[in-house]
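What follows is the content of model24.txt, which has compact mmCIF, C-alpha atoms and all ligand atoms:
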```txt
# COMPACT_ATOMS: atom_id res chain seq x y z
CA MET A 1 0.41 -40.96 35.74
CA GLY A 2 -2.48 -42.27 33.68
CA VAL A 3 -5.18 -41.88 36.32
CA ARG A 4 -8.56 -40.38 35.46
CA GLN A 5 -10.28 -39.14 38.59
CA ASN A 6 -13.10 -37.02 39.80
CA SER A 7 -14.18 -36.24 43.33
CA ALA A 8 -16.77 -39.05 43.45
CA MET A 9 -14.29 -41.66 42.24
CA GLN A 10 -12.09 -44.03 44.09
CA THR A 11 -9.30 -45.19 41.86
CA LEU A 12 -8.71 -48.88 42.45
CA SER A 13 -6.44 -49.48 39.48
CA PRO A 14 -3.89 -47.01 38.15
CA THR A 15 -5.56 -46.85 34.78
CA LEU A 16 -9.22 -47.80 35.30
CA ASP A 17 -11.84 -45.14 35.94
CA VAL A 18 -13.93 -46.66 38.74
CA GLN A 19 -16.76 -45.21 40.77
CA GLN A 20 -18.24 -46.98 43.80
CA ARG A 21 -21.95 -46.63 44.67
CA ALA A 22 -22.69 -44.75 41.47
CA SER A 23 -26.22 -43.48 40.88
CA LEU A 24 -27.61 -44.77 37.57
CA ARG A 25 -30.60 -42.40 37.48
CA GLU A 26 -28.83 -40.09 35.03
CA HIS A 27 -27.68 -43.08 32.98
CA ASN A 28 -31.12 -44.43 32.00
CA THR A 29 -33.69 -42.54 29.93
CA PHE A 30 -36.54 -43.86 32.10
CA GLY A 31 -34.94 -41.90 34.97
CA LEU A 32 -35.35 -44.89 37.28
CA PRO A 33 -33.50 -44.90 40.60
CA ALA A 34 -30.79 -47.53 40.99
CA VAL A 35 -27.27 -47.61 42.34
CA ALA A 36 -24.39 -49.53 40.78
CA ALA A 37 -22.12 -51.03 43.46
CA THR A 38 -19.27 -50.46 40.99
CA LEU A 39 -19.26 -48.49 37.74
CA VAL A 40 -16.26 -48.68 35.43
CA ARG A 41 -15.93 -46.30 32.49
CA LEU A 42 -14.41 -47.92 29.40
CA ALA A 43 -12.61 -45.37 27.23
CA SER A 44 -10.65 -47.89 25.16
CA VAL A 45 -10.27 -51.53 24.22
CA ALA A 46 -7.33 -51.64 26.63
CA ASP A 47 -9.74 -50.66 29.44
CA VAL A 48 -11.93 -53.68 28.64
CA ARG A 49 -8.85 -55.93 28.91
CA ARG A 50 -7.90 -54.25 32.20
CA VAL A 51 -11.32 -55.16 33.59
CA VAL A 52 -10.95 -58.78 32.41
CA ASP A 53 -7.47 -59.00 34.03
CA HIS A 54 -8.52 -57.19 37.20
CA PRO A 55 -8.15 -59.26 40.40
CA THR A 56 -11.64 -58.26 41.66
CA TYR A 57 -13.66 -57.36 38.58
CA GLY A 58 -12.23 -60.02 36.28
CA LEU A 59 -14.43 -62.82 37.61
CA ALA A 60 -17.36 -60.70 38.85
CA PRO A 61 -20.70 -60.64 36.97
CA LYS A 62 -20.87 -57.65 34.61
CA PHE A 63 -23.49 -55.52 32.89
CA VAL A 64 -22.63 -53.46 29.81
CA LEU A 65 -24.34 -50.06 29.69
CA GLY A 66 -24.55 -47.72 26.71
CA GLY A 67 -26.86 -44.71 26.78
CA GLY A 68 -29.43 -46.52 28.96
CA SER A 69 -32.29 -45.89 26.50
CA ASN A 70 -33.34 -49.53 26.30
CA VAL A 71 -33.07 -50.71 29.90
CA VAL A 72 -35.46 -50.89 32.85
CA LEU A 73 -33.62 -50.84 36.17
CA THR A 74 -35.72 -52.57 38.80
CA ARG A 75 -33.16 -52.63 41.60
CA ASP A 76 -29.63 -51.68 42.57
CA VAL A 77 -27.05 -53.39 40.38
CA GLN A 78 -24.54 -55.69 42.09
CA ALA A 79 -22.89 -56.68 38.80
CA VAL A 80 -19.98 -54.46 37.76
CA VAL A 81 -21.51 -51.90 35.40
CA LEU A 82 -19.29 -51.29 32.38
CA LYS A 83 -20.15 -47.86 30.94
CA VAL A 84 -19.00 -47.80 27.31
CA GLU A 85 -17.31 -44.54 26.28
CA ILE A 86 -15.05 -45.67 23.42
CA ALA A 87 -14.85 -42.82 20.89
CA GLY A 88 -13.75 -42.50 17.27
CA ARG A 89 -15.21 -42.42 13.75
CA ARG A 90 -13.52 -42.84 10.40
CA LEU A 91 -13.83 -43.94 6.80
CA VAL A 92 -12.29 -47.42 6.68
CA ARG A 93 -12.30 -47.76 2.89
CA GLU A 94 -14.12 -46.73 -0.24
CA GLU A 95 -15.21 -49.52 -2.56
CA PRO A 96 -16.80 -49.23 -6.02
CA VAL A 97 -20.24 -49.99 -4.51
CA ALA A 98 -19.96 -48.82 -0.90
CA TRP A 99 -18.29 -46.67 1.72
CA VAL A 100 -17.30 -48.62 4.82
CA VAL A 101 -17.32 -46.38 7.91
CA GLU A 102 -16.51 -47.23 11.52
CA ALA A 103 -17.48 -45.79 14.89
CA GLY A 104 -16.38 -46.46 18.45
CA ALA A 105 -19.10 -48.07 20.57
CA GLY A 106 -19.30 -45.02 22.84
CA GLU A 107 -20.18 -42.56 20.05
CA ASN A 108 -23.64 -41.02 20.24
CA TRP A 109 -25.70 -42.71 17.50
CA HIS A 110 -27.48 -39.63 16.17
CA GLY A 111 -24.25 -37.62 16.16
CA PHE A 112 -22.60 -40.38 14.14
CA VAL A 113 -25.45 -40.47 11.59
CA ASP A 114 -25.16 -36.69 11.24
CA TRP A 115 -21.37 -36.99 10.78
CA THR A 116 -21.68 -39.65 8.02
CA LEU A 117 -23.96 -37.33 6.04
CA ALA A 118 -21.66 -34.35 6.56
CA GLN A 119 -18.80 -36.48 5.13
CA GLY A 120 -20.93 -37.38 2.08
CA TYR A 121 -21.72 -41.01 3.05
CA PRO A 122 -25.52 -41.40 2.90
CA GLY A 123 -27.47 -44.46 4.05
CA LEU A 124 -28.20 -44.08 7.77
CA GLU A 125 -30.57 -41.08 7.50
CA ASN A 126 -33.78 -43.07 8.23
CA LEU A 127 -32.27 -44.05 11.60
CA ALA A 128 -31.77 -40.44 12.73
CA LEU A 129 -32.59 -39.45 16.31
CA ILE A 130 -32.74 -42.97 17.75
CA PRO A 131 -31.35 -42.42 21.27
CA GLY A 132 -28.33 -44.29 22.59
CA LEU A 133 -24.82 -45.18 21.52
CA VAL A 134 -23.33 -46.90 18.48
CA GLY A 135 -22.30 -50.02 20.45
CA ALA A 136 -25.90 -50.91 21.34
CA THR A 137 -27.28 -50.59 17.81
CA PRO A 138 -26.50 -54.19 16.77
CA VAL A 139 -27.83 -55.60 20.06
CA GLN A 140 -31.44 -55.08 19.10
CA ASN A 141 -30.85 -54.40 15.39
CA ILE A 142 -32.35 -50.92 15.66
CA GLY A 143 -34.86 -49.97 13.02
CA ALA A 144 -37.06 -47.08 11.95
CA TYR A 145 -38.80 -45.71 8.86
CA GLY A 146 -38.18 -48.74 6.68
CA VAL A 147 -34.47 -49.29 7.47
CA GLU A 148 -32.91 -51.69 9.97
CA LEU A 149 -29.33 -51.65 11.15
CA LYS A 150 -28.74 -55.00 9.41
CA ASP A 151 -29.41 -53.31 6.03
CA ARG A 152 -26.34 -51.08 6.54
CA PHE A 153 -24.16 -53.31 8.70
CA ASP A 154 -20.69 -54.49 7.72
CA SER A 155 -19.06 -56.02 10.82
CA LEU A 156 -18.15 -55.32 14.43
CA ASP A 157 -15.35 -55.92 16.89
CA ALA A 158 -16.10 -57.14 20.41
CA VAL A 159 -14.01 -58.15 23.41
CA ASP A 160 -14.77 -61.42 25.21
CA LEU A 161 -15.37 -60.68 28.90
CA ILE A 162 -13.79 -63.96 30.02
CA THR A 163 -10.69 -64.20 27.84
CA GLY A 164 -10.13 -60.54 26.92
CA HIS A 165 -9.70 -61.56 23.27
CA THR A 166 -11.02 -59.29 20.53
CA PHE A 167 -13.11 -60.98 17.83
CA THR A 168 -14.91 -59.80 14.70
CA LEU A 169 -18.43 -60.75 13.62
CA ASP A 170 -20.10 -60.25 10.24
CA ALA A 171 -23.86 -59.83 9.73
CA ALA A 172 -24.59 -63.56 9.46
CA GLU A 173 -22.72 -64.22 12.72
CA CYS A 174 -24.72 -61.48 14.46
CA ALA A 175 -27.94 -63.40 13.56
CA PHE A 176 -30.00 -60.24 13.21
CA GLY A 177 -33.78 -60.50 13.47
CA TYR A 178 -36.62 -58.11 14.29
CA ARG A 179 -35.21 -56.20 17.33
CA ASP A 180 -33.00 -59.22 17.90
CA SER A 181 -29.45 -60.53 17.52
CA VAL A 182 -26.98 -63.04 18.94
CA PHE A 183 -26.23 -60.46 21.67
CA LYS A 184 -29.65 -61.15 23.19
CA HIS A 185 -29.01 -64.91 23.14
CA ASP A 186 -25.72 -66.86 22.95
CA LEU A 187 -23.54 -63.79 23.53
CA ALA A 188 -25.80 -62.03 26.08
CA GLY A 189 -23.60 -60.52 28.77
CA LYS A 190 -20.49 -62.27 27.40
CA CYS A 191 -18.78 -59.48 25.47
CA VAL A 192 -18.43 -55.75 24.97
CA ILE A 193 -18.95 -54.45 21.43
CA VAL A 194 -16.13 -51.94 20.95
CA ARG A 195 -16.37 -50.86 17.28
CA VAL A 196 -19.08 -51.13 14.61
CA ARG A 197 -18.58 -50.82 10.84
CA PHE A 198 -21.31 -49.84 8.40
CA ARG A 199 -21.52 -50.49 4.66
CA LEU A 200 -23.19 -47.49 3.06
CA PRO A 201 -24.29 -48.31 -0.47
CA LYS A 202 -23.26 -46.56 -3.69
CA PRO A 203 -25.22 -45.46 -5.60
CA TRP A 204 -27.55 -44.26 -2.84
CA GLN A 205 -31.33 -44.62 -3.12
CA PRO A 206 -33.70 -42.99 -0.61
CA VAL A 207 -36.01 -45.30 1.36
CA LEU A 208 -39.35 -43.47 1.34
CA GLY A 209 -42.00 -46.18 1.51
CA TYR A 210 -43.30 -45.13 4.90
CA LEU A 211 -46.56 -43.24 5.32
CA ASP A 212 -45.04 -40.32 7.28
CA LEU A 213 -42.31 -39.87 4.66
CA GLU A 214 -44.82 -40.11 1.80
CA ARG A 215 -46.74 -37.30 3.51
CA LYS A 216 -43.56 -35.18 3.55
CA ILE A 217 -43.18 -35.71 -0.21
CA THR A 218 -46.78 -34.56 -0.73
CA GLU A 219 -46.39 -31.57 1.64
CA THR A 220 -43.14 -30.34 0.13
CA GLY A 221 -43.59 -31.46 -3.48
CA ASN A 222 -40.00 -32.77 -3.28
CA THR A 223 -40.13 -36.19 -4.95
CA LYS A 224 -36.34 -36.65 -5.09
CA PRO A 225 -35.05 -35.70 -1.62
CA ASP A 226 -31.34 -36.05 -0.92
CA ALA A 227 -30.11 -37.92 2.16
CA ARG A 228 -29.82 -34.75 4.26
CA THR A 229 -33.45 -33.90 3.47
CA VAL A 230 -34.59 -37.40 4.50
CA PHE A 231 -32.55 -36.99 7.73
CA ASP A 232 -34.32 -33.65 8.40
CA TRP A 233 -37.74 -35.14 7.60
CA VAL A 234 -37.19 -38.16 9.88
CA SER A 235 -35.88 -35.86 12.64
CA SER A 236 -38.88 -33.54 12.44
CA ILE A 237 -41.37 -36.46 12.32
CA ARG A 238 -39.73 -38.03 15.37
CA ARG A 239 -39.62 -34.73 17.29
CA ALA A 240 -43.33 -34.21 16.64
CA LYS A 241 -44.38 -37.79 17.44
CA LEU A 242 -42.05 -39.22 20.06
CA LEU A 243 -41.87 -38.43 23.70
CA ASP A 244 -38.55 -36.79 24.58
CA PRO A 245 -37.05 -38.70 27.56
CA ALA A 246 -35.53 -35.40 28.76
CA ARG A 247 -39.14 -34.27 29.39
CA ILE A 248 -40.82 -37.51 30.52
CA GLY A 249 -38.75 -40.61 31.27
CA ASN A 250 -39.35 -43.52 28.89
CA ALA A 251 -37.57 -46.21 26.90
CA GLY A 252 -39.37 -45.78 23.57
CA SER A 253 -41.60 -48.66 22.45
CA PHE A 254 -42.00 -50.90 25.47
CA PHE A 255 -43.21 -54.01 23.61
CA LYS A 256 -42.22 -55.60 20.31
CA ASN A 257 -44.91 -55.81 17.64
CA PRO A 258 -46.01 -59.48 17.81
CA VAL A 259 -45.82 -61.62 14.68
CA VAL A 260 -48.59 -64.21 14.17
CA THR A 261 -49.59 -66.72 11.50
CA GLU A 262 -52.10 -65.71 8.83
CA GLU A 263 -54.61 -68.10 10.42
CA GLN A 264 -54.22 -66.52 13.88
CA CYS A 265 -54.62 -63.09 12.30
CA ARG A 266 -57.81 -64.12 10.46
CA ASP A 267 -59.18 -65.42 13.73
CA ILE A 268 -58.47 -62.09 15.50
CA ILE A 269 -59.86 -60.05 12.59
CA GLY A 270 -63.04 -62.15 12.87
CA ARG A 271 -63.46 -60.85 16.42
CA ASP A 272 -61.80 -57.40 16.02
CA PRO A 273 -62.08 -56.25 12.39
CA GLU A 274 -60.32 -52.96 13.19
CA ILE A 275 -57.01 -54.55 14.25
CA VAL A 276 -53.94 -52.82 12.77
CA HIS A 277 -51.81 -55.44 10.97
CA TYR A 278 -49.06 -55.61 8.36
CA PRO A 279 -48.54 -58.70 6.13
CA LEU A 280 -44.87 -59.82 6.04
CA PRO A 281 -43.11 -61.25 2.97
CA ASP A 282 -42.90 -64.71 4.64
CA GLY A 283 -46.72 -64.98 4.88
CA ARG A 284 -46.91 -64.17 8.58
CA VAL A 285 -48.54 -61.00 9.90
CA LYS A 286 -47.16 -58.30 12.20
CA LEU A 287 -49.69 -56.80 14.62
CA ALA A 288 -49.39 -53.29 16.09
CA ALA A 289 -48.69 -53.85 19.81
CA GLY A 290 -49.83 -50.27 20.57
CA TRP A 291 -53.22 -51.02 19.02
CA LEU A 292 -53.66 -54.21 21.10
CA ILE A 293 -52.79 -52.32 24.32
CA ASP A 294 -55.08 -49.42 23.44
CA ALA A 295 -57.92 -51.83 22.62
CA CYS A 296 -57.59 -53.20 26.17
CA GLY A 297 -58.15 -49.68 27.51
CA TRP A 298 -54.67 -49.00 28.89
CA LYS A 299 -53.95 -45.50 27.53
CA GLY A 300 -53.39 -43.12 30.45
CA LYS A 301 -53.63 -45.87 33.13
CA THR A 302 -51.06 -45.89 35.94
CA VAL A 303 -49.45 -48.12 38.55
CA GLY A 304 -47.93 -45.87 41.21
CA ARG A 305 -45.90 -43.28 39.30
CA ALA A 306 -45.51 -45.46 36.18
CA GLY A 307 -48.05 -44.93 33.42
CA VAL A 308 -49.10 -45.70 29.86
CA TYR A 309 -48.51 -42.59 27.75
CA ASP A 310 -51.90 -41.12 26.95
CA LYS A 311 -50.98 -40.35 23.33
CA GLN A 312 -49.26 -43.66 22.46
CA ALA A 313 -50.16 -46.86 24.30
CA LEU A 314 -46.88 -48.55 23.31
CA VAL A 315 -44.84 -46.17 25.47
CA LEU A 316 -44.65 -46.60 29.24
CA VAL A 317 -43.58 -43.50 31.12
CA ASN A 318 -42.12 -42.38 34.43
CA LEU A 319 -44.56 -39.74 35.65
CA GLY A 320 -41.92 -38.60 38.15
CA GLY A 321 -40.55 -40.72 40.96
CA ALA A 322 -41.55 -44.12 39.50
CA SER A 323 -39.64 -47.21 40.54
CA GLY A 324 -38.57 -49.94 38.13
CA ALA A 325 -40.83 -52.32 40.08
CA GLU A 326 -43.85 -50.13 39.26
CA VAL A 327 -42.92 -50.12 35.57
CA VAL A 328 -42.62 -53.91 35.57
CA THR A 329 -45.92 -54.38 37.48
CA LEU A 330 -47.65 -52.18 34.90
CA ALA A 331 -46.00 -54.05 32.00
CA LYS A 332 -47.09 -57.43 33.42
CA ALA A 333 -50.69 -56.25 33.89
CA ILE A 334 -50.72 -55.08 30.24
CA GLN A 335 -49.31 -58.41 29.07
CA GLU A 336 -51.99 -60.32 31.00
CA SER A 337 -54.87 -58.28 29.67
CA VAL A 338 -53.64 -58.46 26.05
CA TYR A 339 -53.20 -62.22 26.45
CA GLY A 340 -56.65 -62.53 28.03
CA ARG A 341 -58.37 -60.71 25.17
CA PHE A 342 -56.30 -61.68 22.12
CA GLY A 343 -54.35 -64.78 23.19
CA ILE A 344 -51.11 -62.98 22.25
CA ARG A 345 -48.07 -62.73 24.50
CA LEU A 346 -46.39 -59.33 24.24
CA GLU A 347 -42.62 -59.38 24.63
CA PRO A 348 -40.85 -56.38 26.20
CA GLU A 349 -38.34 -54.60 23.96
CA PRO A 350 -36.05 -53.15 26.68
CA VAL A 351 -33.75 -55.25 28.82
CA ILE A 352 -35.21 -55.60 32.32
CA LEU A 353 -32.51 -55.70 34.96
C1 LIG B 401 -37.58 -42.08 22.87
C2 LIG B 401 -36.98 -43.37 22.38
C3 LIG B 401 -37.16 -43.74 21.04
C4 LIG B 401 -36.60 -44.92 20.55
N1 LIG B 401 -36.79 -45.23 19.23
C5 LIG B 401 -36.29 -46.38 18.74
C6 LIG B 401 -36.47 -46.73 17.36
O1 LIG B 401 -37.07 -45.99 16.58
N2 LIG B 401 -35.94 -47.90 16.92
C7 LIG B 401 -35.26 -48.74 17.75
O2 LIG B 401 -34.81 -49.79 17.28
N3 LIG B 401 -35.05 -48.43 19.05
C8 LIG B 401 -35.54 -47.28 19.57
N4 LIG B 401 -35.35 -46.97 20.89
C9 LIG B 401 -34.62 -47.91 21.76
C10 LIG B 401 -33.12 -47.55 21.96
O3 LIG B 401 -32.87 -46.21 21.63
C11 LIG B 401 -32.18 -48.42 21.13
O4 LIG B 401 -32.37 -49.77 21.47
C12 LIG B 401 -30.71 -48.07 21.35
O5 LIG B 401 -29.91 -48.74 20.39
C13 LIG B 401 -30.21 -48.40 22.75
O6 LIG B 401 -28.93 -47.81 22.90
P1 LIG B 401 -28.27 -47.54 24.31
O7 LIG B 401 -26.86 -47.12 24.05
O8 LIG B 401 -29.09 -46.58 25.08
O9 LIG B 401 -28.31 -49.00 24.96
P2 LIG B 401 -28.56 -49.41 26.48
O10 LIG B 401 -29.98 -49.13 26.83
O11 LIG B 401 -27.51 -48.85 27.34
O12 LIG B 401 -28.35 -50.99 26.39
C14 LIG B 401 -29.28 -51.81 25.70
C15 LIG B 401 -28.76 -53.25 25.69
O13 LIG B 401 -27.56 -53.31 24.89
C16 LIG B 401 -26.47 -53.80 25.66
N5 LIG B 401 -25.29 -53.02 25.24
C17 LIG B 401 -25.19 -51.67 25.17
N6 LIG B 401 -23.98 -51.32 24.69
C18 LIG B 401 -23.30 -52.47 24.47
C19 LIG B 401 -21.99 -52.76 24.00
N7 LIG B 401 -21.13 -51.81 23.62
N8 LIG B 401 -21.61 -54.06 23.94
C20 LIG B 401 -22.47 -55.07 24.30
N9 LIG B 401 -23.72 -54.84 24.74
C21 LIG B 401 -24.14 -53.56 24.83
C22 LIG B 401 -26.85 -53.56 27.12
O14 LIG B 401 -26.18 -54.48 27.96
C23 LIG B 401 -28.35 -53.77 27.06
O15 LIG B 401 -28.61 -55.15 27.10
C24 LIG B 401 -35.88 -45.78 21.42
C25 LIG B 401 -35.69 -45.40 22.76
C26 LIG B 401 -36.23 -44.21 23.24
C27 LIG B 401 -36.00 -43.82 24.67
```
Have the structure of the file written as structure tokens, please.
Amino acid sequence: MGVRQNSAMQTLSPTLDVQQRASLREHNTFGLPAVAATLVRLASVADVRRVVDHPTYGLAPKFVLGGGSNVVLTRDVQAVVLKVEIAGRRLVREEPVAWVVEAGAGENWHGFVDWTLAQGYPGLENLALIPGLVGATPVQNIGAYGVELKDRFDSLDAVDLITGHTFTLDAAECAFGYRDSVFKHDLAGKCVIVRVRFRLPKPWQPVLGYLDLERKITETGNTKPDARTVFDWVSSIRRAKLLDPARIGNAGSFFKNPVVTEEQCRDIIGRDPEIVHYPLPDGRVKLAAGWLIDACGWKGKTVGRAGVYDKQALVLVNLGGASGAEVVTLAKAIQESVYGRFGIRLEPEPVIL
């Protein structure tokens, strides 16, 4: 019969893979301790419908979990945790100006980027090595090295957690913004993204207008890198710069870079001429959150076993044995001191549960 089981599982439905009192420590890159009262693994769209139709889980509150690289778990989770494991990747169609490729929400993001390049579909190389799964990429419109998901997005399929109906959204309907989308607002907690499609442009042009990539051009003398070379460059830059969660638990950048008006920025520059800032095309100015935190003296500071990474103030870390409450206490103290000095409210990037 179609039952997937392991020793820690109790099978409550003939076809759903359910684990009671499941530790989530291995399922979040911060390595925070938390237990899910119920964890259901979703291997297919049919599994999502089974959860919706389930006599117990159907009406229960739910939390969708991907790779756990953008969550802070502050306590045990009473909501039914839906662990997305839907696999699959394929070329949907080739158009004169684009390849449209699709991946299941449970595919590892970096593995998928690597696969697209191996198939000869460039376009995602600047987003190499971002942790997590494909299904979470539209949630915060991931971005790195001058490319955001929205620049390569075609559409996605999601299943409504109340009705069990599958629906499709295009880019406009996803309402992408800077680390933002409809899935953080109107659709937060209401659906499971099950498949994402990407539109990879033909002809391909590298995106190289980022200081670290310009340095690679100078170092190597290669002014016309192909997509695989850009992928390798981005991967090596990230490996050198970013803290590997397998070594020290973290969730990447903990705060979004705040965006202020030109007037606010002038006012801050008047007081702090060194402030790192980037003018945006709409006239507003993006400030480097890491700089603001560093300027308040937070690098290397700790609350319990949670700390501010001593090489990059934007990254909060689990020094070993931290609780989610310690991480949140530290984050709030940082927010207060940045507000006190600059009058700017920092907004956390990860979802705090
Ligand atoms: C070292 C490090 C570096 C990082 N670098 C970057 C970076 O350069 N750029 C960047 O943008 N981000 C970065 N991140 C953040 C993170 O990797 C991304 O946000 C990633 O897309 C999260 O994927 P995940 O599968 O781990 O999502 P999770 O952490 O599991 O979930 C994140 C949110 O998405 C929701 N969600 C997940 N899957 C689904 C689904 N299938 N359907 C509906 N909702 C879903 C969850 O409910 C949750 O609200 C970094 C993180 C780390 C640890």
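Of the listed residues (A:Gln140, A:Gln19, A:Ser235, A:Thr56), A:Gln140 comes nearest to ligand LIG 401 (chain B); the distances count only C-alpha atoms and all ligand atoms.
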Find the nearest atom pair between each residue of region 134-204 of chain A and region 252-267 of chain A for residues within 12 Å, count only C-alpha atoms, give distances in Å to one decimal, sort rows by chain and ascending number, and present the table as CSV.
```
residue,atom,partner,partner_atom,distance
A:Gln140,CA,A:Lys256,CA,10.9
A:Ile142,CA,A:Ser253,CA,11.7
A:Gly143,CA,A:Ser253,CA,11.7
A:Ala144,CA,A:Ser253,CA,11.5
A:Gly177,CA,A:Lys256,CA,11.9
A:Tyr178,CA,A:Lys256,CA,8.6
A:Arg179,CA,A:Lys256,CA,7.6
A:Asp180,CA,A:Lys256,CA,10.2
```
* To do: Kindly indicate which residue among A:Ala288, A:Val317, A:Val51, A:Leu156 lies nearest to Arg199 (chain A), using all atoms listed in the file for the distances.
  =>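 Among the listed residues, the smallest separation from Arg199 (chain A) belongs to A:Leu156.
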* If you count only C-alpha atoms and all ligand atoms, which residues end up within 7 Å of ligand LIG 401 (chain B), as a PyMOL selection string? -> chain A and resi 29+63-71+84+105+130-137+139-144+179+183+189+191-194+242-245+250-253+350-351
* To do: Fewer than 4 positions away in the same chain doesn't count, so skip those; otherwise give me all residues within 9 Å of Val81 (chain A), counting only C-alpha atoms, as a ChimeraX atom specification.
  => /A:36-41,61-65,77
Grab the residues selected above and save them as a PDB file, in the coordinates of the input with C-alpha atoms.
```pdb
ATOM      1  CA  ALA A  36     -24.390 -49.530  40.780  1.00  0.00           C
ATOM      2  CA  ALA A  37     -22.120 -51.030  43.460  1.00  0.00           C
ATOM      3  CA  THR A  38     -19.270 -50.460  40.990  1.00  0.00           C
ATOM      4  CA  LEU A  39     -19.260 -48.490  37.740  1.00  0.00           C
ATOM      5  CA  VAL A  40     -16.260 -48.680  35.430  1.00  0.00           C
ATOM      6  CA  ARG A  41     -15.930 -46.300  32.490  1.00  0.00           C
ATOM      7  CA  PRO A  61     -20.700 -60.640  36.970  1.00  0.00           C
ATOM      8  CA  LYS A  62     -20.870 -57.650  34.610  1.00  0.00           C
ATOM      9  CA  PHE A  63     -23.490 -55.520  32.890  1.00  0.00           C
ATOM     10  CA  VAL A  64     -22.630 -53.460  29.810  1.00  0.00           C
ATOM     11  CA  LEU A  65     -24.340 -50.060  29.690  1.00  0.00           C
ATOM     12  CA  VAL A  77     -27.050 -53.390  40.380  1.00  0.00           C
TER      13      VAL A  77
END
```
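The two atoms in question, CA of Thr15 (chain A) and CA of Leu161 (chain A), are spaced 17.9 Å apart.
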* What does the distance between CA of Arg25 (chain A) and CA of Val48 (chain A) come to in Å, to one decimal place? ->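 Result for CA of Arg25 (chain A) versus CA of Val48 (chain A): 23.5 Å, one decimal.
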* Asked: Nearest to Leu211 (chain A) among A:Ile344, A:Ile293, A:Ile237, A:Ala46, with distances taken over all atoms listed in the file: which residue is it?
  ->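 Among the listed residues, A:Ile237 lies closest to Leu211 (chain A).
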* Using all atoms listed in the file, which of the listed residues (A:His277, A:Phe231, A:Val80, A:Ala295) sits closest to Ala60 (chain A)? -> A:Val80
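Of note, CA of Ile217 (chain A) and CA of Thr229 (chain A) are spaced 10.6 Å apart.
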* Find the residue from A:Leu292, A:Leu129, A:Leu319, A:Leu91 that sits nearest to Ser236 (chain A); use only C-alpha atoms when measuring. =>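 Closest candidate: A:Leu129.
Taking all atoms listed in the file into account, the polymer residues that have an atom no farther than 12 Å from (-9.6, -62.1, 24.7) are Val45, Ala46, Val48, Arg49, Arg50, Val51, Val52, Asp53, Asp157, Ala158, Val159, Asp160, Leu161, Ile162, Thr163, Gly164, His165, Thr166, Phe167, Thr168, Lys190, Cys191 and Val192 of chain A.
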* Nearest candidate to Pro33 (chain A) (options A:Arg284, A:Lys224, A:Arg341, A:Arg75; using all atoms listed in the file) -> A:Arg75
* Asked: Mind listing as a ChimeraX atom specification all residues within 12 Å of (-16.7, -47.3, 1.0), counting all atoms listed in the file?
  -> /A:90-102,116,119-123,152,154,197-204
Edge lengths and centre in Å, axis-aligned, region 208-213 of chain A plus 3 Å each side, as lines of an AutoDock Vina configuration file:
```
center_x = -43.0
center_y = -43.0
center_z = 4.3
size_x = 13.2
size_y = 12.3
size_z = 11.9
```
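Using all atoms listed in the file, the protein and nucleic acid residues lying no more than 12 Å from Ala34 (chain A), apart from those fewer than 6 places from it along its own chain, are A:Arg21, A:Ala22, A:Ser23, A:Leu24, A:Arg25, A:Glu26, A:His27, A:Asn28, A:Val71, A:Val72, A:Leu73, A:Thr74, A:Arg75, A:Asp76, A:Val77, A:Gln78, A:Val81, A:Gly321, A:Ala322, A:Ser323, A:Gly324, A:Ala325, A:Leu353.
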Because the input lacks atoms here, generate N, CA, C and O atoms for region 255-261 of chain A and report them as a PDB file, in the frame of the given file.
```pdb
ATOM      1  N   PHE A 255     -43.012 -52.632  24.054  1.00  0.00           N
ATOM      2  CA  PHE A 255     -43.210 -54.010  23.610  1.00  0.00           C
ATOM      3  C   PHE A 255     -42.897 -54.138  22.124  1.00  0.00           C
ATOM      4  O   PHE A 255     -43.093 -53.194  21.353  1.00  0.00           O
ATOM      5  N   LYS A 256     -42.433 -55.330  21.739  1.00  0.00           N
ATOM      6  CA  LYS A 256     -42.220 -55.600  20.310  1.00  0.00           C
ATOM      7  C   LYS A 256     -43.596 -55.806  19.661  1.00  0.00           C
ATOM      8  O   LYS A 256     -44.529 -56.287  20.319  1.00  0.00           O
ATOM      9  N   ASN A 257     -43.684 -55.499  18.376  1.00  0.00           N
ATOM     10  CA  ASN A 257     -44.910 -55.810  17.640  1.00  0.00           C
ATOM     11  C   ASN A 257     -44.955 -57.322  17.436  1.00  0.00           C
ATOM     12  O   ASN A 257     -44.036 -57.892  16.834  1.00  0.00           O
ATOM     13  N   PRO A 258     -46.008 -58.018  17.931  1.00  0.00           N
ATOM     14  CA  PRO A 258     -46.010 -59.480  17.810  1.00  0.00           C
ATOM     15  C   PRO A 258     -46.248 -59.931  16.360  1.00  0.00           C
ATOM     16  O   PRO A 258     -46.933 -59.248  15.604  1.00  0.00           O
ATOM     17  N   VAL A 259     -45.644 -61.057  16.032  1.00  0.00           N
ATOM     18  CA  VAL A 259     -45.820 -61.620  14.680  1.00  0.00           C
ATOM     19  C   VAL A 259     -46.622 -62.914  14.827  1.00  0.00           C
ATOM     20  O   VAL A 259     -46.284 -63.772  15.651  1.00  0.00           O
ATOM     21  N   VAL A 260     -47.707 -63.034  14.058  1.00  0.00           N
ATOM     22  CA  VAL A 260     -48.590 -64.210  14.170  1.00  0.00           C
ATOM     23  C   VAL A 260     -48.761 -64.859  12.788  1.00  0.00           C
ATOM     24  O   VAL A 260     -48.402 -64.262  11.769  1.00  0.00           O
ATOM     25  N   THR A 261     -49.325 -66.064  12.791  1.00  0.00           N
ATOM     26  CA  THR A 261     -49.590 -66.720  11.500  1.00  0.00           C
ATOM     27  C   THR A 261     -50.812 -66.058  10.867  1.00  0.00           C
ATOM     28  O   THR A 261     -51.605 -65.400  11.549  1.00  0.00           O
TER      29      THR A 261
END
```
